[in-house]
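What follows is run_20.pdb (PDB, C-alpha atoms).
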ATOM      1  CA  MET A 103       0.000   0.000   0.000  1.00  0.00           C
ATOM      2  CA  ASP A 104       1.374   3.405  -1.005  1.00  0.00           C
ATOM      3  CA  ALA A 105       1.519   5.569   2.130  1.00  0.00           C
ATOM      4  CA  SER A 106       1.695   8.690  -0.021  1.00  0.00           C
ATOM      5  CA  VAL A 107      -1.965   8.150  -0.928  1.00  0.00           C
ATOM      6  CA  PHE A 108      -2.962   8.665   2.716  1.00  0.00           C
ATOM      7  CA  GLU A 109      -0.745  11.748   2.944  1.00  0.00           C
ATOM      8  CA  TYR A 110      -2.400  13.151  -0.186  1.00  0.00           C
ATOM      9  CA  ARG A 111      -5.854  12.624   1.316  1.00  0.00           C
ATOM     10  CA  LYS A 112      -4.764  14.370   4.513  1.00  0.00           C
ATOM     11  CA  VAL A 113      -3.584  17.402   2.551  1.00  0.00           C
ATOM     12  CA  TYR A 114      -6.726  17.345   0.383  1.00  0.00           C
ATOM     13  CA  TYR A 115      -9.125  17.376   3.342  1.00  0.00           C
ATOM     14  CA  ARG A 116      -7.202  20.115   5.108  1.00  0.00           C
ATOM     15  CA  LEU A 117      -7.390  22.252   1.987  1.00  0.00           C
ATOM     16  CA  GLN A 118     -11.124  21.546   1.779  1.00  0.00           C
ATOM     17  CA  LEU A 119     -11.669  22.616   5.388  1.00  0.00           C
ATOM     18  CA  GLN A 120      -9.571  25.734   4.864  1.00  0.00           C
ATOM     19  CA  GLY A 121     -11.778  26.515   1.861  1.00  0.00           C
ATOM     20  CA  LEU A 122     -14.884  26.155   4.027  1.00  0.00           C
ATOM     21  CA  LEU A 123     -13.391  28.472   6.650  1.00  0.00           C
ATOM     22  CA  ASN A 124     -12.709  31.030   3.936  1.00  0.00           C
ATOM     23  CA  ASP A 125     -16.368  30.732   2.892  1.00  0.00           C
ATOM     24  CA  ILE A 126     -17.342  31.293   6.531  1.00  0.00           C
ATOM     25  CA  CYS A 127     -15.220  34.462   6.466  1.00  0.00           C
ATOM     26  CA  GLY A 128     -17.150  35.530   3.384  1.00  0.00           C
ATOM     27  CA  VAL A 129     -20.431  35.151   5.268  1.00  0.00           C
ATOM     28  CA  TYR A 130     -18.916  36.939   8.270  1.00  0.00           C
ATOM     29  CA  ALA A 131     -18.153  39.914   6.029  1.00  0.00           C
ATOM     30  CA  LEU A 132     -21.790  39.985   4.858  1.00  0.00           C
ATOM     31  CA  ILE A 133     -23.041  39.844   8.453  1.00  0.00           C
ATOM     32  CA  CYS A 134     -20.785  42.768   9.354  1.00  0.00           C
ATOM     33  CA  GLN A 135     -21.922  44.740   6.313  1.00  0.00           C
ATOM     34  CA  SER A 136     -25.555  44.207   7.288  1.00  0.00           C
ATOM     35  CA  GLU A 137     -24.831  45.945  10.608  1.00  0.00           C
ATOM     36  CA  GLN A 138     -27.440  43.728  12.258  1.00  0.00           C
ATOM     37  CA  HIS A 139     -27.380  43.593  16.036  1.00  0.00           C
ATOM     38  CA  LEU A 140     -26.828  40.180  17.573  1.00  0.00           C
ATOM     39  CA  PRO A 141     -27.452  38.971  21.136  1.00  0.00           C
ATOM     40  CA  ASP A 142     -24.534  37.766  23.236  1.00  0.00           C
ATOM     41  CA  ASP A 143     -25.515  34.168  22.499  1.00  0.00           C
ATOM     42  CA  GLU A 144     -23.347  31.732  20.533  1.00  0.00           C
ATOM     43  CA  ASN A 145     -26.347  29.910  19.038  1.00  0.00           C
ATOM     44  CA  LYS A 146     -27.901  33.143  17.775  1.00  0.00           C
ATOM     45  CA  ILE A 147     -24.590  34.243  16.280  1.00  0.00           C
ATOM     46  CA  ARG A 148     -24.149  30.828  14.648  1.00  0.00           C
ATOM     47  CA  ASP A 149     -27.653  31.035  13.211  1.00  0.00           C
ATOM     48  CA  ALA A 150     -26.674  34.255  11.429  1.00  0.00           C
ATOM     49  CA  PHE A 151     -24.304  32.098   9.341  1.00  0.00           C
ATOM     50  CA  GLY A 152     -27.012  29.500   8.710  1.00  0.00           C
ATOM     51  CA  LYS A 153     -29.166  32.134   7.034  1.00  0.00           C
ATOM     52  CA  TYR A 154     -26.621  32.131   4.198  1.00  0.00           C
ATOM     53  CA  PHE A 155     -25.474  28.501   4.154  1.00  0.00           C
ATOM     54  CA  PHE A 156     -29.063  27.205   4.048  1.00  0.00           C
ATOM     55  CA  ASP A 157     -29.700  29.462   1.034  1.00  0.00           C
ATOM     56  CA  GLN A 158     -28.908  27.333  -2.030  1.00  0.00           C
ATOM     57  CA  ALA A 159     -28.611  30.371  -4.304  1.00  0.00           C
ATOM     58  CA  TYR A 160     -26.009  31.903  -2.006  1.00  0.00           C
ATOM     59  CA  LYS A 161     -24.151  28.603  -1.540  1.00  0.00           C
ATOM     60  CA  MET A 162     -23.603  28.354  -5.294  1.00  0.00           C
ATOM     61  CA  THR A 163     -21.540  31.554  -5.092  1.00  0.00           C
ATOM     62  CA  THR A 164     -19.113  30.029  -2.573  1.00  0.00           C
ATOM     63  CA  THR A 165     -15.785  28.419  -3.393  1.00  0.00           C
ATOM     64  CA  THR A 166     -16.052  25.207  -1.365  1.00  0.00           C
ATOM     65  CA  ALA A 167     -19.325  25.177   0.621  1.00  0.00           C
ATOM     66  CA  LYS A 168     -21.372  24.690  -2.546  1.00  0.00           C
ATOM     67  CA  ASP A 169     -20.127  21.082  -2.657  1.00  0.00           C
ATOM     68  CA  TYR A 170     -21.192  20.285   0.929  1.00  0.00           C
ATOM     69  CA  HIS A 171     -24.489  19.845   2.723  1.00  0.00           C
ATOM     70  CA  TYR A 172     -24.717  22.314   5.604  1.00  0.00           C
ATOM     71  CA  GLY A 173     -26.442  21.510   8.885  1.00  0.00           C
ATOM     72  CA  SER A 174     -26.619  23.100  12.327  1.00  0.00           C
ATOM     73  CA  GLU A 175     -27.339  21.546  15.729  1.00  0.00           C
ATOM     74  CA  VAL A 176     -26.773  18.143  14.111  1.00  0.00           C
ATOM     75  CA  TRP A 177     -27.393  15.290  16.553  1.00  0.00           C
ATOM     76  CA  LEU A 178     -24.962  12.343  16.525  1.00  0.00           C
ATOM     77  CA  GLN A 179     -26.784   9.390  18.010  1.00  0.00           C
ATOM     78  CA  LEU A 180     -23.689   7.204  18.338  1.00  0.00           C
ATOM     79  CA  THR A 181     -21.743   9.646  20.523  1.00  0.00           C
ATOM     80  CA  ALA A 182     -24.651  11.746  21.874  1.00  0.00           C
ATOM     81  CA  GLY A 183     -22.994  14.849  20.498  1.00  0.00           C
ATOM     82  CA  ARG A 184     -24.678  17.868  18.952  1.00  0.00           C
ATOM     83  CA  ILE A 185     -22.566  19.664  16.344  1.00  0.00           C
ATOM     84  CA  ASP A 186     -22.958  23.426  15.969  1.00  0.00           C
ATOM     85  CA  MET A 187     -22.061  23.396  12.266  1.00  0.00           C
ATOM     86  CA  GLN A 188     -21.647  20.391  10.022  1.00  0.00           C
ATOM     87  CA  PHE A 189     -20.426  20.305   6.449  1.00  0.00           C
ATOM     88  CA  LEU A 190     -21.268  16.878   5.080  1.00  0.00           C
ATOM     89  CA  SER A 191     -18.920  15.530   2.428  1.00  0.00           C
ATOM     90  CA  PRO A 192     -20.148  14.438  -1.019  1.00  0.00           C
ATOM     91  CA  ASN A 193     -18.783  11.007   0.000  1.00  0.00           C
ATOM     92  CA  CYS A 194     -21.360  10.706   2.797  1.00  0.00           C
ATOM     93  CA  TYR A 195     -23.103   7.807   1.050  1.00  0.00           C
ATOM     94  CA  LYS A 196     -19.933   5.750   1.450  1.00  0.00           C
ATOM     95  CA  HIS A 197     -18.978   7.052   4.893  1.00  0.00           C
ATOM     96  CA  GLN A 198     -21.608   8.589   7.145  1.00  0.00           C
ATOM     97  CA  ASP A 199     -18.855  10.076   9.308  1.00  0.00           C
ATOM     98  CA  ALA A 200     -17.330  11.914   6.323  1.00  0.00           C
ATOM     99  CA  PHE A 201     -18.034  15.427   7.523  1.00  0.00           C
ATOM    100  CA  PHE A 202     -16.328  18.442   8.986  1.00  0.00           C
ATOM    101  CA  ALA A 203     -17.564  19.394  12.445  1.00  0.00           C
ATOM    102  CA  ILE A 204     -17.293  22.992  13.600  1.00  0.00           C
ATOM    103  CA  GLU A 205     -17.875  23.910  17.234  1.00  0.00           C
ATOM    104  CA  CYS A 206     -18.774  27.513  18.093  1.00  0.00           C
ATOM    105  CA  LYS A 207     -17.833  29.253  21.322  1.00  0.00           C
ATOM    106  CA  ARG A 208     -17.911  32.838  22.602  1.00  0.00           C
ATOM    107  CA  LEU A 209     -14.730  34.544  23.811  1.00  0.00           C
ATOM    108  CA  ASP A 210     -14.602  37.651  25.987  1.00  0.00           C
ATOM    109  CA  GLY A 211     -11.016  37.530  27.279  1.00  0.00           C
ATOM    110  CA  ARG A 212     -12.113  36.191  30.666  1.00  0.00           C
ATOM    111  CA  SER A 213     -10.992  32.920  32.191  1.00  0.00           C
ATOM    112  CA  HIS A 214     -14.472  31.364  32.386  1.00  0.00           C
ATOM    113  CA  LEU A 215     -15.160  31.402  28.646  1.00  0.00           C
ATOM    114  CA  SER A 216     -11.546  30.452  27.893  1.00  0.00           C
ATOM    115  CA  LYS A 217     -11.992  27.331  30.020  1.00  0.00           C
ATOM    116  CA  GLU A 218     -15.348  26.636  28.328  1.00  0.00           C
ATOM    117  CA  TYR A 219     -13.577  26.872  24.979  1.00  0.00           C
ATOM    118  CA  VAL A 220     -11.428  23.923  26.034  1.00  0.00           C
ATOM    119  CA  ASP A 221     -13.746  21.842  28.235  1.00  0.00           C
ATOM    120  CA  ASN A 222     -16.869  22.059  26.059  1.00  0.00           C
ATOM    121  CA  GLY A 223     -15.133  22.785  22.782  1.00  0.00           C
ATOM    122  CA  ILE A 224     -11.731  21.260  22.092  1.00  0.00           C
ATOM    123  CA  ARG A 225     -12.388  18.278  24.386  1.00  0.00           C
ATOM    124  CA  ARG A 226     -15.437  17.277  22.328  1.00  0.00           C
ATOM    125  CA  PHE A 227     -12.982  16.487  19.561  1.00  0.00           C
ATOM    126  CA  THR A 228     -10.163  14.992  21.618  1.00  0.00           C
ATOM    127  CA  LYS A 229     -12.515  12.748  23.621  1.00  0.00           C
ATOM    128  CA  GLY A 230     -14.269  11.383  20.539  1.00  0.00           C
ATOM    129  CA  LYS A 231     -17.654  13.062  20.874  1.00  0.00           C
ATOM    130  CA  TYR A 232     -17.171  14.453  17.372  1.00  0.00           C
ATOM    131  CA  PRO A 233     -15.557  12.040  14.877  1.00  0.00           C
ATOM    132  CA  SER A 234     -12.416  13.074  13.007  1.00  0.00           C
ATOM    133  CA  LEU A 235     -12.609  10.653  10.088  1.00  0.00           C
ATOM    134  CA  LEU A 236     -11.218  13.273   7.712  1.00  0.00           C
ATOM    135  CA  GLY A 237      -8.332  14.127  10.056  1.00  0.00           C
ATOM    136  CA  CYS A 238      -9.326  17.732  10.701  1.00  0.00           C
ATOM    137  CA  ASN A 239     -12.145  19.803  12.170  1.00  0.00           C
ATOM    138  CA  ALA A 240     -12.517  23.390  13.325  1.00  0.00           C
ATOM    139  CA  MET A 241     -13.687  25.761  16.020  1.00  0.00           C
ATOM    140  CA  LEU A 242     -15.146  29.225  15.634  1.00  0.00           C
ATOM    141  CA  GLY A 243     -14.459  31.721  18.377  1.00  0.00           C
ATOM    142  CA  PHE A 244     -17.002  34.532  18.458  1.00  0.00           C
ATOM    143  CA  VAL A 245     -15.162  37.460  20.058  1.00  0.00           C
ATOM    144  CA  VAL A 246     -17.939  39.449  21.730  1.00  0.00           C
ATOM    145  CA  CYS A 247     -15.847  42.283  23.171  1.00  0.00           C
ATOM    146  CA  THR A 248     -12.342  43.716  22.872  1.00  0.00           C
ATOM    147  CA  ILE A 249      -9.819  41.146  24.110  1.00  0.00           C
ATOM    148  CA  ASP A 250      -6.113  40.888  24.766  1.00  0.00           C
ATOM    149  CA  LEU A 251      -5.231  38.233  22.190  1.00  0.00           C
ATOM    150  CA  PRO A 252      -1.978  36.871  23.732  1.00  0.00           C
ATOM    151  CA  ALA A 253      -3.577  36.774  27.200  1.00  0.00           C
ATOM    152  CA  THR A 254      -6.639  34.908  25.914  1.00  0.00           C
ATOM    153  CA  MET A 255      -4.463  32.403  24.063  1.00  0.00           C
ATOM    154  CA  SER A 256      -2.426  31.936  27.245  1.00  0.00           C
ATOM    155  CA  GLN A 257      -5.590  31.258  29.258  1.00  0.00           C
ATOM    156  CA  ILE A 258      -6.701  28.609  26.776  1.00  0.00           C
ATOM    157  CA  ASN A 259      -3.254  27.030  26.581  1.00  0.00           C
ATOM    158  CA  SER A 260      -3.194  26.732  30.379  1.00  0.00           C
ATOM    159  CA  HIS A 261      -6.034  24.191  30.090  1.00  0.00           C
ATOM    160  CA  LEU A 262      -4.341  22.176  27.320  1.00  0.00           C
ATOM    161  CA  GLU A 263      -1.586  19.594  27.338  1.00  0.00           C
ATOM    162  CA  GLN A 264       1.842  20.920  26.363  1.00  0.00           C
ATOM    163  CA  THR A 265       1.633  19.167  22.989  1.00  0.00           C
ATOM    164  CA  GLU A 266      -1.778  20.688  22.188  1.00  0.00           C
ATOM    165  CA  TYR A 267      -1.036  24.402  22.450  1.00  0.00           C
ATOM    166  CA  LEU A 268      -2.606  26.971  20.112  1.00  0.00           C
ATOM    167  CA  VAL A 269      -0.364  28.423  17.407  1.00  0.00           C
ATOM    168  CA  THR A 270      -1.256  31.569  15.474  1.00  0.00           C
ATOM    169  CA  THR A 271      -1.057  30.965  11.714  1.00  0.00           C
ATOM    170  CA  ASN A 272      -2.510  34.317  10.613  1.00  0.00           C
ATOM    171  CA  SER A 273      -3.753  37.377  12.443  1.00  0.00           C
ATOM    172  CA  THR A 274      -5.587  40.426  11.148  1.00  0.00           C
ATOM    173  CA  MET A 275      -7.273  41.114  14.476  1.00  0.00           C
ATOM    174  CA  SER A 276      -9.486  43.847  13.896  1.00  0.00           C
ATOM    175  CA  THR A 277     -11.499  41.152  12.178  1.00  0.00           C
ATOM    176  CA  ARG A 278     -10.085  37.622  12.365  1.00  0.00           C
ATOM    177  CA  VAL A 279      -7.385  35.402  13.832  1.00  0.00           C
ATOM    178  CA  ASP A 280      -6.416  31.994  12.430  1.00  0.00           C
ATOM    179  CA  LEU A 281      -4.932  29.452  14.835  1.00  0.00           C
ATOM    180  CA  GLU A 282      -4.145  25.759  14.841  1.00  0.00           C
ATOM    181  CA  SER A 283      -3.731  22.973  17.387  1.00  0.00           C
ATOM    182  CA  ARG A 284      -2.719  19.339  16.860  1.00  0.00           C
ATOM    183  CA  HIS A 285      -3.966  16.407  18.874  1.00  0.00           C
ATOM    184  CA  GLY A 286      -3.362  12.708  19.466  1.00  0.00           C
ATOM    185  CA  THR A 287      -0.229  10.565  19.784  1.00  0.00           C
ATOM    186  CA  PRO A 288       1.093  10.729  17.174  1.00  0.00           C
ATOM    187  CA  TYR A 289      -0.873  13.733  15.922  1.00  0.00           C
ATOM    188  CA  ASP A 290      -4.009  12.026  14.637  1.00  0.00           C
ATOM    189  CA  PHE A 291      -5.849  15.174  13.683  1.00  0.00           C
ATOM    190  CA  VAL A 292      -5.607  18.929  13.518  1.00  0.00           C
ATOM    191  CA  LEU A 293      -8.056  21.540  14.754  1.00  0.00           C
ATOM    192  CA  TYR A 294      -8.261  24.859  12.965  1.00  0.00           C
ATOM    193  CA  HIS A 295      -9.413  27.795  15.077  1.00  0.00           C
ATOM    194  CA  LEU A 296     -10.983  30.837  13.462  1.00  0.00           C
ATOM    195  CA  TRP A 297     -11.721  33.742  15.794  1.00  0.00           C
ATOM    196  CA  LEU A 298     -14.055  36.407  14.431  1.00  0.00           C
ATOM    197  CA  ASP A 299     -14.639  39.834  15.956  1.00  0.00           C
ATOM    198  CA  PHE A 300     -18.325  40.425  16.709  1.00  0.00           C
ATOM    199  CA  SER A 301     -17.711  43.081  19.350  1.00  0.00           C
ATOM    200  CA  GLY A 302     -19.236  45.810  17.187  1.00  0.00           C
ATOM    201  CA  LEU A 303     -22.423  43.836  16.512  1.00  0.00           C
ATOM    202  CA  VAL A 304     -23.190  42.123  19.819  1.00  0.00           C
ATOM    203  CA  ILE A 305     -25.638  43.916  22.109  1.00  0.00           C
TER     204      ILE A 305
END
Would you put the structure from the file into C-alpha cells?
Amino acid sequence: MDASVFEYRKVYYRLQLQGLLNDICGVYALICQSEQHLPDDENKIRDAFGKYFFDQAYKMTTTTAKDYHYGSEVWLQLTAGRIDMQFLSPNCYKHQDAFFAIECKRLDGRSHLSKEYVDNGIRRFTKGKYPSLLGCNAMLGFVVCTIDLPATMSQINSHLEQTEYLVTTNSTMSTRVDLESRHGTPYDFVLYHLWLDFSGLVI
C-alpha cells in the first residue's frame, strides 16, 4: 500500500476545510456589512451564518461550501454529540462520518469562557464526541468584546496539554485570527481555530 496516498488525502481534506473556513469568512463579512445587532448568544450568532449557508442560491456563489451539505445543531446518536455546524462531504453515502464538524464558542477575554472553549469545545474532539474521520475539524471563536489576544491564548493554553497548544497561523485582528492545534499521539488530527470579531455587533 502506497503511504503517499494517505498523505495526499490528509492534505486534500485540510485544503477543503480551509476553503470552508474562507467561505465562513465571506459570510462573516456579509453579516458585518448588514450591521445587524446580535445577542450575546453563541447559538444566535451561529444562526446568522445558517441564514446564508441554508440558502442554495447563495451557496452556489461560494468556493467550497457549494459542494457540501450544511447543517446546524446536528445530533450524533452514536456519541450523543450535537454539532454546531456540520459540512457533510459528497462522500457521505460511502462514509456517514465523512463530515467536517465545527464547534462555536464565545470569547470575551475572561478565564471562564476560555476554560469553556477547552472543556466544552476542544475536548469534544479529543474525547471522541465528534468524529475526526477526515483528520481535521474546526472551532469558531465569536469574540464578543475587545480582548487581549496573547492573554486569551495563554488562558486557553493553560487548560491544554503541552503538545496541544494553540499556534497563530494568521492574524488580522481587527477582524479575524487563524490558529491551529494538533492532537493525538502521534498527531491524529488537527483543529483549525478561526476567531471572528463580533464586538461591534453584539448587544
When distances are computed from only C-alpha atoms, which of A:Met255, A:Cys206, A:Ala200, A:Leu123 shows the smallest separation from A:Arg184?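 Nearest to A:Arg184: A:Cys206.
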For this file, the PyMOL selection byres ((chain A and resi 259-270) around 9) selects which residues, as a PDB file with C-alpha atoms, in the coordinates of the input?
ATOM      1  CA  SER A 216     -11.546  30.452  27.893  1.00  0.00           C
ATOM      2  CA  LYS A 217     -11.992  27.331  30.020  1.00  0.00           C
ATOM      3  CA  VAL A 220     -11.428  23.923  26.034  1.00  0.00           C
ATOM      4  CA  ASP A 221     -13.746  21.842  28.235  1.00  0.00           C
ATOM      5  CA  THR A 254      -6.639  34.908  25.914  1.00  0.00           C
ATOM      6  CA  MET A 255      -4.463  32.403  24.063  1.00  0.00           C
ATOM      7  CA  SER A 256      -2.426  31.936  27.245  1.00  0.00           C
ATOM      8  CA  GLN A 257      -5.590  31.258  29.258  1.00  0.00           C
ATOM      9  CA  ILE A 258      -6.701  28.609  26.776  1.00  0.00           C
ATOM     10  CA  THR A 271      -1.057  30.965  11.714  1.00  0.00           C
ATOM     11  CA  ASN A 272      -2.510  34.317  10.613  1.00  0.00           C
ATOM     12  CA  SER A 273      -3.753  37.377  12.443  1.00  0.00           C
ATOM     13  CA  VAL A 279      -7.385  35.402  13.832  1.00  0.00           C
ATOM     14  CA  ASP A 280      -6.416  31.994  12.430  1.00  0.00           C
ATOM     15  CA  LEU A 281      -4.932  29.452  14.835  1.00  0.00           C
ATOM     16  CA  GLU A 282      -4.145  25.759  14.841  1.00  0.00           C
ATOM     17  CA  SER A 283      -3.731  22.973  17.387  1.00  0.00           C
ATOM     18  CA  ARG A 284      -2.719  19.339  16.860  1.00  0.00           C
ATOM     19  CA  HIS A 285      -3.966  16.407  18.874  1.00  0.00           C
ATOM     20  CA  GLY A 286      -3.362  12.708  19.466  1.00  0.00           C
ATOM     21  CA  HIS A 295      -9.413  27.795  15.077  1.00  0.00           C
TER      22      HIS A 295
END
Selection dump of the PyMOL selection byres ((chain A and resi 248) around 10), as a ChimeraX atom specification: /A:209-211,245-247,249-251,276,299-302
Distance atom CA of A:Ala150-atom CA of A:Gln138, one decimal place?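 Taking atom CA of A:Ala150 as the start and atom CA of A:Gln138 as the end point, the length is 9.5 Å.
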Residue by residue, what does the PyMOL selection byres ((chain A and resi 185) around 8) grab here? Present the result as a list in words.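 After applying the PyMOL selection byres ((chain A and resi 185) around 8), what remains is Ser174, Glu175, Val176, Trp177, Leu178, Gly183, Arg184, Asp186, Met187, Gln188, Ala203, Ile204, Glu205 and Tyr232 of chain A.
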For atom CA of A:Leu140 and atom CA of A:Ile126, the interatomic separation in Å (one decimal):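 Atom CA of A:Leu140 sits 17.1 Å away from atom CA of A:Ile126.
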Pick out the closest residue to A:Val292 from this set: A:Thr277, A:Cys238, A:Asp169, A:Arg212. Count all atoms listed in the file.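 Comparing A:Thr277, A:Cys238, A:Asp169, A:Arg212 against A:Val292, the winner is A:Cys238.
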Give me, please, the distance in Å between atom CA of A:Arg111 and atom CA of A:Leu296, quoted to one decimal.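 Computing it gives 22.5 Å between the two atoms.
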Can you tell me, as JSON, the centre and edge lengths (Å, one decimal) of the axis-aligned box enclosing all of stretch 296-302 of chain A's listed atoms after padding each side by 5 Å?
{"center_x": -15.1, "center_y": 38.3, "center_z": 16.4, "size_x": 18.3, "size_y": 25.0, "size_z": 15.9}
Which residues, written as a PyMOL selection string, have at least one atom at most 10 Å from A:Tyr172, with all atoms listed in the file counted and residues fewer than 4 positions away on the same chain left out? chain A and resi 152+155-157+161+167-168+176+187-191+201-202
Among listed residues A:Thr165, A:Leu242, A:Cys134, A:Asp143, nearest A:Leu117 (using all atoms listed in the file):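 Comparing A:Thr165, A:Leu242, A:Cys134, A:Asp143 against A:Leu117, the winner is A:Thr165.
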Any idea what's packed within 8 Å of A:Lys231, counting all atoms listed in the file, ignoring anything in its chain fewer than 5 positions away? Could you give it as a list in words?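 Counting all atoms listed in the file, the residues come to Thr181, Ala182, Gly183 and Arg226 of chain A.
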Among the residues A:Pro288, A:Pro192, A:Ile305, A:Asp149, the one that comes closest to A:Gly173 [using all atoms listed in the file]: A:Asp149
Using all atoms listed in the file, find the one residue out of A:Leu122, A:Leu215, A:Ile147, A:Ala131 that sits nearest to A:Thr164. A:Leu122
Counting only C-alpha atoms, which of A:Phe151, A:Tyr289, A:Trp297, A:Tyr115 gets nearest to A:Met241?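 Among A:Phe151, A:Tyr289, A:Trp297, A:Tyr115, it is A:Trp297 that comes nearest to A:Met241.
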